[in-house]
Amino acid sequence: MVAQEYTVDLNKPLVFQVGHLGEAYQEWVHQPIVSKEGPRFFASDFWESLTRTVWWAIPSIWLPVVCFSVSRSMKMGHTLDHVALIVVTGIFIWTLMEYTLHRFLFHINTKSYWANTAHYLLHGCHHKHPMDGLRLVFPPAATAILLFPFWNFVKLISTPTSAPALFGGGLLGYVMYDCTHYYLHHGQPAKGVTHNLKRYHLNHHFRIQDKGFGITSALWDRVFGTLPPNKATVKSK
């Protein structure tokens, strides 16, 4: 007896539907629907509200934390020049985390019900509805939870006095990433670096989705050999 292929109803909350796609989920989720109107995720208004975030909430919430963290290292005796170097190091560390998370976690292949469901919430929804402006940046509640292991990681690789500034630099890198990501989808750069980044990122969404994992730069794609071929670049919209 052949099982009937599952069909997702886009007019109903999606999160608990997508898991039923099984092995067909990967193909489905990488066929983007280009619309600024995002789908409903949950039947519950409360859980639905947690999935929607305006882009300006990210700098508004996290930049004060960055400033506080950096100021702690300065109060512990570090000079401004030294703190600036630590912050830049934190940003650099973030760029590698950005690439690694995007390539190995956000693009993991799934086929079971709960793995598909988790992947859709984490990143699949963005590939399915890439222009959904309220689901482009990471929800602050989820970020707050993930900052705890990040802080513990920073403490392992730095000194007690430099850890706050390094943490602040990494968090600043994240803020830059999320704001850049939003701009690449909804901004209209005419030329220059941002124009090239937009073309590069749209290529990842609409042409070769297993290449071009960098958002703020193509640095780590160059290092690890995941640059898309030039001929596959899509025009920015």
# chains A, B, ... in the order shown; residues from 1 in each chain; ligands from 1
$ residues_around --residues "Phe92 in chain A" --least-positions-apart "4" --cutoff "8 Å" --atoms "only C-alpha atoms" --output "list in words"
Val88, Leu96, Gly170 and Gly173 of chain A
$ closest_residue --among "A:Phe104, A:Trp55, A:Phe153, A:Tyr25" --to "Leu134 in chain A" --atoms "only C-alpha atoms"
A:Trp55
$ residues_around --residues "range 109-113 of chain A" --least-positions-apart "6" --cutoff "12 Å" --atoms "only C-alpha atoms" --output "PyMOL selection string"
chain A and resi 15-30+103+119-120+123-124+210
$ closest_residue --among "A:Val175, A:Ala141, A:Leu136, A:Ile93" --to "Ile157 in chain A" --atoms "only C-alpha atoms"
A:Ile93
$ residues_around --residues "Phe42 in chain A" --least-positions-apart "5" --cutoff "9 Å" --atoms "only C-alpha atoms" --output "JSON, numbers by chain"
{"A": [12, 13, 14, 15, 16, 47, 48]}
$ closest_residue --among "A:Met131, A:Gly192, A:Ser162, A:Thr226" --to "Leu85 in chain A" --atoms "only C-alpha atoms"
A:Ser162
$ residues_around --residues "Leu50 in chain A" --least-positions-apart "4" --cutoff "9 Å" --atoms "only C-alpha atoms" --output "PyMOL selection string"
chain A and resi 45-46+139-141
$ write_last_selection --atoms "N, CA, C and O atoms" --output "mmCIF file, in the first residue's frame"
data_model
loop_
_atom_site.group_PDB
_atom_site.id
_atom_site.type_symbol
_atom_site.label_atom_id
_atom_site.label_comp_id
_atom_site.auth_asym_id
_atom_site.auth_seq_id
_atom_site.Cartn_x
_atom_site.Cartn_y
_atom_site.Cartn_z
ATOM 1 N N ASP A 45 -2.378 32.767 19.785
ATOM 2 C CA ASP A 45 -1.895 34.132 19.553
ATOM 3 C C ASP A 45 -0.622 34.409 20.352
ATOM 4 O O ASP A 45 0.249 35.155 19.902
ATOM 5 N N PHE A 46 -0.517 33.827 21.548
ATOM 6 C CA PHE A 46 0.670 34.059 22.384
ATOM 7 C C PHE A 46 1.921 33.503 21.712
ATOM 8 O O PHE A 46 2.914 34.207 21.552
ATOM 9 N N PRO A 139 14.371 36.112 17.313
ATOM 10 C CA PRO A 139 13.567 36.604 18.440
ATOM 11 C C PRO A 139 14.429 36.855 19.678
ATOM 12 O O PRO A 139 15.254 36.009 20.047
ATOM 13 N N PRO A 140 14.271 37.995 20.334
ATOM 14 C CA PRO A 140 15.107 38.328 21.502
ATOM 15 C C PRO A 140 15.051 37.297 22.622
ATOM 16 O O PRO A 140 16.054 37.061 23.290
ATOM 17 N N ALA A 141 13.889 36.682 22.844
ATOM 18 C CA ALA A 141 13.783 35.678 23.910
ATOM 19 C C ALA A 141 14.715 34.501 23.637
ATOM 20 O O ALA A 141 15.391 34.002 24.549
#
$ select_by_dssp --residues "range 86-206 of chain A" --states "helix (DSSP H, G or I)" --output "PyMOL selection string"
chain A and resi 86-105+113-128+133-135+140-157+163-186+192-206
$ atom_distance --atom1 "CA of Arg40 in chain A" --atom2 "CA of Tyr200 in chain A"
28.6 Å
$ residues_around --residues "Glu37 in chain A" --least-positions-apart "4" --cutoff "9 Å" --atoms "only C-alpha atoms" --output "list in words"
His129, Met131, Asp132 and Gly133 of chain A
$ closest_residue --among "A:His127, A:Lys198, A:Arg222, A:Lys155" --to "Gln31 in chain A" --atoms "only C-alpha atoms"
A:His127
$ closest_residue --among "A:Phe41, A:Pro229, A:His181, A:Leu197" --to "Pro130 in chain A" --atoms "only C-alpha atoms"
A:His181
$ residues_around --residues "Trp62 in chain A" --least-positions-apart "4" --cutoff "8 Å" --atoms "only C-alpha atoms" --output "ChimeraX atom specification"
/A:58,66,171-172,175
$ closest_residue --among "A:Arg207, A:His102, A:His82, A:His185" --to "Ala165 in chain A" --atoms "only C-alpha atoms"
A:His82
$ atom_distance --atom1 "CA of Phe213 in chain A" --atom2 "CA of His186 in chain A"
18.6 Å
$ atom_distance --atom1 "CA of Thr117 in chain A" --atom2 "CA of Ser44 in chain A"
16.5 Å
$ decode --residues "range 43-188 of chain A" --atoms "C-alpha atoms" --output "short mmCIF file (atom, residue, chain, number, x, y, z; two decimals), in the first residue's frame"
data_model
loop_
_atom_site.label_atom_id
_atom_site.label_comp_id
_atom_site.auth_asym_id
_atom_site.auth_seq_id
_atom_site.Cartn_x
_atom_site.Cartn_y
_atom_site.Cartn_z
CA ALA A 43 -3.04 28.71 16.37
CA SER A 44 -2.22 30.34 19.74
CA ASP A 45 -1.90 34.13 19.55
CA PHE A 46 0.67 34.06 22.38
CA TRP A 47 3.06 31.62 20.68
CA GLU A 48 2.49 33.34 17.36
CA SER A 49 3.57 36.68 18.83
CA LEU A 50 6.89 35.20 19.93
CA THR A 51 7.76 34.36 16.32
CA ARG A 52 7.42 37.93 15.06
CA THR A 53 10.12 40.56 15.67
CA VAL A 54 10.58 44.02 14.16
CA TRP A 55 14.18 44.55 13.01
CA TRP A 56 14.83 47.62 15.18
CA ALA A 57 14.17 45.62 18.35
CA ILE A 58 17.56 43.95 17.89
CA PRO A 59 19.79 47.06 18.24
CA SER A 60 17.38 48.60 20.77
CA ILE A 61 17.62 45.62 23.11
CA TRP A 62 21.18 44.40 22.62
CA LEU A 63 23.32 47.51 22.02
CA PRO A 64 22.86 48.63 25.66
CA VAL A 65 24.07 45.18 26.73
CA VAL A 66 27.09 45.59 24.43
CA CYS A 67 27.91 48.97 26.00
CA PHE A 68 27.51 47.63 29.52
CA SER A 69 29.74 44.64 28.80
CA VAL A 70 32.47 46.71 27.22
CA SER A 71 32.37 49.26 30.06
CA ARG A 72 32.95 46.47 32.59
CA SER A 73 36.31 45.61 31.02
CA MET A 74 37.27 49.28 31.00
CA LYS A 75 36.42 49.58 34.69
CA MET A 76 38.67 46.58 35.35
CA GLY A 77 41.67 48.50 34.04
CA HIS A 78 41.82 47.94 30.28
CA THR A 79 42.67 50.93 28.13
CA LEU A 80 40.35 52.12 25.37
CA ASP A 81 42.74 50.86 22.68
CA HIS A 82 42.98 47.44 24.29
CA VAL A 83 39.20 47.18 24.72
CA ALA A 84 38.69 48.18 21.07
CA LEU A 85 41.02 45.36 19.99
CA ILE A 86 39.13 42.86 22.16
CA VAL A 87 35.79 44.00 20.72
CA VAL A 88 37.08 43.61 17.16
CA THR A 89 38.28 40.12 18.08
CA GLY A 90 34.79 39.34 19.38
CA ILE A 91 33.26 40.51 16.10
CA PHE A 92 35.72 38.32 14.19
CA ILE A 93 34.78 35.31 16.32
CA TRP A 94 31.13 36.01 15.58
CA THR A 95 31.73 35.95 11.81
CA LEU A 96 33.04 32.39 12.12
CA MET A 97 30.08 31.43 14.32
CA GLU A 98 27.72 33.02 11.79
CA TYR A 99 29.15 30.89 8.99
CA THR A 100 29.37 27.69 11.05
CA LEU A 101 25.82 27.90 12.42
CA HIS A 102 24.38 28.74 9.02
CA ARG A 103 26.19 25.96 7.19
CA PHE A 104 26.10 23.08 9.66
CA LEU A 105 22.99 23.75 11.78
CA PHE A 106 20.61 25.88 9.75
CA HIS A 107 21.14 23.73 6.65
CA ILE A 108 21.11 20.32 8.30
CA ASN A 109 19.12 17.69 6.40
CA THR A 110 16.07 16.45 8.30
CA LYS A 111 13.29 13.98 7.55
CA SER A 112 11.63 12.96 10.84
CA TYR A 113 8.54 14.77 12.12
CA TRP A 114 10.16 16.61 15.04
CA ALA A 115 13.43 17.30 13.22
CA ASN A 116 11.52 18.88 10.33
CA THR A 117 9.43 20.90 12.78
CA ALA A 118 12.49 22.17 14.67
CA HIS A 119 14.34 23.00 11.45
CA TYR A 120 11.36 24.94 10.10
CA LEU A 121 11.21 27.06 13.25
CA LEU A 122 14.98 27.59 13.29
CA HIS A 123 15.66 28.46 9.65
CA GLY A 124 13.42 26.62 7.21
CA CYS A 125 10.68 29.23 7.52
CA HIS A 126 13.12 31.87 6.29
CA HIS A 127 13.94 29.90 3.16
CA LYS A 128 10.29 29.16 2.49
CA HIS A 129 9.19 32.80 3.03
CA PRO A 130 12.42 34.82 2.55
CA MET A 131 10.67 38.21 2.41
CA ASP A 132 8.69 37.82 5.65
CA GLY A 133 9.96 40.97 7.36
CA LEU A 134 8.81 39.97 10.85
CA ARG A 135 10.74 36.68 10.82
CA LEU A 136 14.07 37.86 9.46
CA VAL A 137 15.78 38.64 12.77
CA PHE A 138 16.20 36.25 15.67
CA PRO A 139 13.57 36.60 18.44
CA PRO A 140 15.11 38.33 21.50
CA ALA A 141 13.78 35.68 23.91
CA ALA A 142 15.66 32.95 22.02
CA THR A 143 18.79 35.11 21.80
CA ALA A 144 18.73 35.70 25.56
CA ILE A 145 18.74 31.94 26.19
CA LEU A 146 21.63 31.35 23.76
CA LEU A 147 23.72 34.11 25.33
CA PHE A 148 24.28 31.99 28.44
CA PRO A 149 26.32 29.28 26.68
CA PHE A 150 28.05 31.98 24.62
CA TRP A 151 29.11 33.77 27.82
CA ASN A 152 30.47 30.51 29.25
CA PHE A 153 32.40 29.90 26.02
CA VAL A 154 33.89 33.40 26.17
CA LYS A 155 35.01 32.87 29.78
CA LEU A 156 36.83 29.70 28.70
CA ILE A 157 38.93 31.43 26.04
CA SER A 158 39.67 34.75 27.78
CA THR A 159 40.71 36.31 31.06
CA PRO A 160 38.22 37.52 33.70
CA THR A 161 38.89 41.16 32.81
CA SER A 162 38.75 40.75 29.02
CA ALA A 163 35.74 38.40 28.95
CA PRO A 164 33.08 41.15 29.19
CA ALA A 165 34.54 43.10 26.25
CA LEU A 166 34.96 39.93 24.18
CA PHE A 167 31.36 38.98 24.95
CA GLY A 168 30.26 42.51 23.99
CA GLY A 169 32.19 42.27 20.73
CA GLY A 170 30.58 38.95 19.86
CA LEU A 171 27.14 40.35 20.67
CA LEU A 172 27.88 43.44 18.57
CA GLY A 173 28.82 41.13 15.71
CA TYR A 174 25.45 39.43 16.08
CA VAL A 175 23.59 42.78 16.02
CA MET A 176 25.48 43.78 12.88
CA TYR A 177 24.64 40.41 11.32
CA ASP A 178 20.89 40.59 12.02
CA CYS A 179 20.56 44.21 10.87
CA THR A 180 22.62 43.47 7.75
CA HIS A 181 20.51 40.41 7.02
CA TYR A 182 17.30 42.43 7.22
CA TYR A 183 18.73 45.13 4.96
CA LEU A 184 19.87 42.61 2.35
CA HIS A 185 16.28 41.41 2.03
CA HIS A 186 14.42 44.71 2.24
CA GLY A 187 16.94 47.44 1.42
CA GLN A 188 17.62 48.70 -2.10
#
